[in-house]
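This report refers to the structure that appears directly beneath it.
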Amino acid sequence: MDLETYASCYQGQEVAVHGKLHQNLTTLSPKELEEEIGEDVAAITKIFGEKPVGISYAYGVYNETVLQMVQKYGLRYGRGVNDTHAFSEQFNLLEFQPTCRYDDPQIFALTDRFLQMHPKEPQIFCIWGHSYEMDGKNNWSDLECFFNKISGKSDIFYGTCREVLLR
């Protein structure tokens, strides 16, 4: 896909930083780290016309140096890949962890548990994954079943990480 197509293809979706070259950020020198994050922020801003506010850490890894660089670029949340199988609101948004992957064997049990809750505090059901994996595993229908099960509930707010975490 050419760069001009991205803006229209992803219209209405949040685009987060993932690194210019999808490198393990914890192995980079400060200069390389600045390039990996800074150039991705700049490219996303140019292509989509707005500065990203979040990062999905490549490979789910980060350290204190990475967190400092993320803050330097004004990113306000960072999503890891350590599935919690929980829904409680998290307050360290630079180290936010999702509920589960889209293909987690427990996703439907988690969905049932989430739908049966009557919480006093906000709860977040955050799934993650890569669309290319769904193509490779040919399991788009599983994600569609999840969406059908959880959609259309008047007491659930559906949103991007920006909309949910930074409300």
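Residues in the structure tokens are named by chain (A, B, ... in the order shown) and by number from 1 within that chain; ligands are numbered from 1 in the order shown.
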Output as a Markdown table one row per residue of stretch 114-158 of chain A within 10 Å of stretch 67-89 of chain A: the closest atom pair and its distance in Å to one decimal place, counting only C-alpha atoms, sorted by chain and residue number ascending.
```
| residue | atom | partner | partner_atom | distance |
| --- | --- | --- | --- | --- |
| A:Phe114 | CA | A:Phe87 | CA | 7.6 |
| A:Pro119 | CA | A:Ser88 | CA | 9.6 |
| A:Glu121 | CA | A:Glu89 | CA | 7.9 |
| A:Pro122 | CA | A:Glu89 | CA | 6.3 |
| A:Gln123 | CA | A:Phe87 | CA | 5.0 |
| A:Ile124 | CA | A:Phe87 | CA | 4.8 |
| A:Phe125 | CA | A:Phe87 | CA | 5.5 |
| A:Cys126 | CA | A:Phe87 | CA | 7.9 |
| A:Ile127 | CA | A:Asp83 | CA | 8.8 |
| A:Trp128 | CA | A:Val81 | CA | 7.9 |
| A:Gly129 | CA | A:Val81 | CA | 9.1 |
```
Can you pull out every residue from chain A that DSSP, working from the backbone, puts in alpha helix (DSSP H), and format the result as a PyMOL selection string?
chain A and resi 3-9+30-48+64-72+107-116+131-137+140-150+161-165
Using only C-alpha atoms, find each residue in stretch 51-131 of chain A having at least one atom no more than 8 Å away from stretch 150-163 of chain A; report its shortest atom-to-atom pair and that distance in Å (one decimal), rows by chain then rising number, as a Markdown table.
```
| residue | atom | partner | partner_atom | distance |
| --- | --- | --- | --- | --- |
| A:Val53 | CA | A:Arg162 | CA | 7.1 |
| A:Gly54 | CA | A:Arg162 | CA | 7.2 |
| A:Thr111 | CA | A:Ile150 | CA | 7.1 |
| A:Leu115 | CA | A:Ile150 | CA | 7.6 |
```
Calculate how many Å separate atom CA of A:Thr65 from atom CA of A:Leu28, rounding to one decimal.
9.8 Å
If you run DSSP on this backbone, which residues of stretch 8-145 of chain A come out as strand (DSSP E), and could you give them as a PyMOL selection string?
chain A and resi 54-56+77-79+100-101+127-128
In Å to one decimal, how far is atom CA of A:Ala42 from atom CA of A:Glu4?
15.3 Å
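Every protein or nucleic acid residue with an atom no more than 8 Å from A:Thr26, counting only C-alpha atoms and leaving out same-chain residues fewer than 5 positions away, appears here: Val61, Tyr62, Asn63, Thr65 and Val66 of chain A.
In terms of minimum interatomic distance to A:Pro52, A:Ala16 ranks closest within A:Leu25, A:Ala16, A:Leu143, A:Leu33, counting only C-alpha atoms.
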Which residues are near A:Val15? Cut-off 12 Å, only C-alpha atoms, ignore same chain within fewer than 3 positions. Put them as a short mmCIF file (atom, residue, chain, number, x, y, z; two decimals) with N, CA, C and O atoms, in the first residue's frame.
```
data_model
loop_
_atom_site.label_atom_id
_atom_site.label_comp_id
_atom_site.auth_asym_id
_atom_site.auth_seq_id
_atom_site.Cartn_x
_atom_site.Cartn_y
_atom_site.Cartn_z
N TYR A 6 -2.84 5.21 3.02
CA TYR A 6 -2.99 4.95 4.45
C TYR A 6 -4.04 5.84 5.12
O TYR A 6 -4.86 5.37 5.89
N ALA A 7 -3.97 7.15 4.85
CA ALA A 7 -4.87 8.09 5.54
C ALA A 7 -6.33 7.74 5.30
O ALA A 7 -7.13 7.75 6.24
N CYS A 9 -7.49 4.70 4.21
CA CYS A 9 -7.73 3.33 4.65
C CYS A 9 -7.97 3.25 6.16
O CYS A 9 -8.81 2.48 6.61
N TYR A 10 -7.23 4.04 6.91
CA TYR A 10 -7.32 3.99 8.37
C TYR A 10 -8.15 5.13 8.96
O TYR A 10 -8.09 5.37 10.17
N GLN A 11 -8.94 5.79 8.13
CA GLN A 11 -9.79 6.88 8.62
C GLN A 11 -10.71 6.37 9.74
O GLN A 11 -11.32 5.32 9.63
N GLY A 12 -10.77 7.13 10.82
CA GLY A 12 -11.61 6.74 11.95
C GLY A 12 -10.95 5.79 12.93
O GLY A 12 -11.55 5.42 13.93
N HIS A 18 4.74 2.45 16.66
CA HIS A 18 5.14 1.06 16.84
C HIS A 18 6.64 0.92 16.56
O HIS A 18 7.18 -0.18 16.61
N GLY A 19 7.25 2.05 16.22
CA GLY A 19 8.67 2.06 15.88
C GLY A 19 8.85 2.10 14.38
O GLY A 19 8.14 1.44 13.64
N ASP A 40 9.09 7.71 13.68
CA ASP A 40 7.75 7.13 13.55
C ASP A 40 6.69 8.16 13.93
O ASP A 40 5.68 8.29 13.24
N VAL A 41 6.92 8.90 15.01
CA VAL A 41 5.99 9.98 15.39
C VAL A 41 5.85 10.97 14.23
O VAL A 41 4.74 11.36 13.85
N ALA A 43 6.46 10.53 10.98
CA ALA A 43 5.80 9.94 9.81
C ALA A 43 4.29 9.83 10.02
O ALA A 43 3.50 10.16 9.13
N ILE A 44 3.88 9.38 11.20
CA ILE A 44 2.45 9.25 11.49
C ILE A 44 1.78 10.62 11.45
O ILE A 44 0.69 10.77 10.88
N THR A 45 2.43 11.61 12.03
CA THR A 45 1.88 12.97 12.03
C THR A 45 1.72 13.49 10.61
O THR A 45 0.69 14.07 10.27
N ILE A 47 1.52 11.70 7.70
CA ILE A 47 0.57 10.91 6.90
C ILE A 47 -0.87 11.12 7.35
O ILE A 47 -1.77 11.28 6.53
N PHE A 48 -1.10 11.16 8.66
CA PHE A 48 -2.48 11.18 9.17
C PHE A 48 -2.94 12.56 9.63
O PHE A 48 -4.10 12.73 10.00
N GLY A 49 -2.03 13.52 9.66
CA GLY A 49 -2.42 14.89 9.98
C GLY A 49 -2.66 15.15 11.46
O GLY A 49 -3.18 16.20 11.81
N GLU A 50 -2.30 14.20 12.30
CA GLU A 50 -2.37 14.44 13.75
C GLU A 50 -1.30 13.63 14.45
O GLU A 50 -0.96 12.52 14.02
N LYS A 51 -0.80 14.21 15.53
CA LYS A 51 0.27 13.57 16.28
C LYS A 51 -0.28 12.40 17.07
O LYS A 51 -1.33 12.51 17.72
N PRO A 52 0.40 11.26 17.03
CA PRO A 52 -0.05 10.13 17.83
C PRO A 52 0.11 10.42 19.32
O PRO A 52 0.96 11.21 19.71
N VAL A 53 -0.71 9.76 20.13
CA VAL A 53 -0.65 9.95 21.58
C VAL A 53 -0.23 8.67 22.30
O VAL A 53 -0.08 8.68 23.52
N GLY A 54 -0.07 7.58 21.57
CA GLY A 54 0.26 6.31 22.20
C GLY A 54 1.27 5.52 21.40
O GLY A 54 1.55 5.81 20.24
N ILE A 55 1.79 4.52 22.06
CA ILE A 55 2.74 3.59 21.43
C ILE A 55 2.33 2.17 21.80
O ILE A 55 1.94 1.90 22.93
N SER A 56 2.38 1.30 20.84
CA SER A 56 2.26 -0.14 21.08
C SER A 56 3.69 -0.67 20.98
O SER A 56 4.27 -0.68 19.89
N THR A 160 -11.20 3.45 20.84
CA THR A 160 -9.78 3.20 20.63
C THR A 160 -9.06 3.35 21.97
O THR A 160 -9.63 3.83 22.95
N CYS A 161 -7.81 3.00 22.01
CA CYS A 161 -7.02 3.18 23.24
C CYS A 161 -7.04 4.65 23.65
O CYS A 161 -7.21 4.97 24.83
N ARG A 162 -6.88 5.56 22.70
CA ARG A 162 -6.92 7.00 22.99
C ARG A 162 -8.25 7.35 23.65
O ARG A 162 -8.28 8.03 24.67
#
```
Close residues, A:His130 itself excluded, 9 Å, only C-alpha atoms, min 3 positions apart in chain, as a ChimeraX atom specification:
/A:102,133-134
Deliver the residues from the most recent selection as a file, using N, CA, C and O atoms, as a compact mmCIF listing (two decimals), in the first residue's frame.
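Saved to again20.txt:
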```
# COMPACT_ATOMS: atom_id res chain seq x y z
N TYR A 102 -6.44 -11.32 20.55
CA TYR A 102 -7.68 -11.64 19.85
C TYR A 102 -7.90 -13.15 19.71
O TYR A 102 -9.03 -13.61 19.58
N GLU A 133 -1.59 -11.54 11.06
CA GLU A 133 -1.65 -12.85 11.71
C GLU A 133 -3.00 -13.52 11.44
O GLU A 133 -3.08 -14.73 11.27
N MET A 134 -4.04 -12.72 11.43
CA MET A 134 -5.37 -13.27 11.16
C MET A 134 -5.44 -13.82 9.75
O MET A 134 -6.07 -14.85 9.52
```
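Our summary of the geometry notes that atom CA of A:Ile37 is positioned 6.6 Å from atom CA of A:Lys20.
Candidate residues A:Phe146, A:Gly136, A:His118, A:Ser8 were compared for distance to A:Pro105, and the nearest is A:Phe146, using only C-alpha atoms.
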Taking only C-alpha atoms into account, which of A:Thr27, A:Asp103, A:Asp2, A:Gln97 comes nearest A:Asn139?
A:Asp103
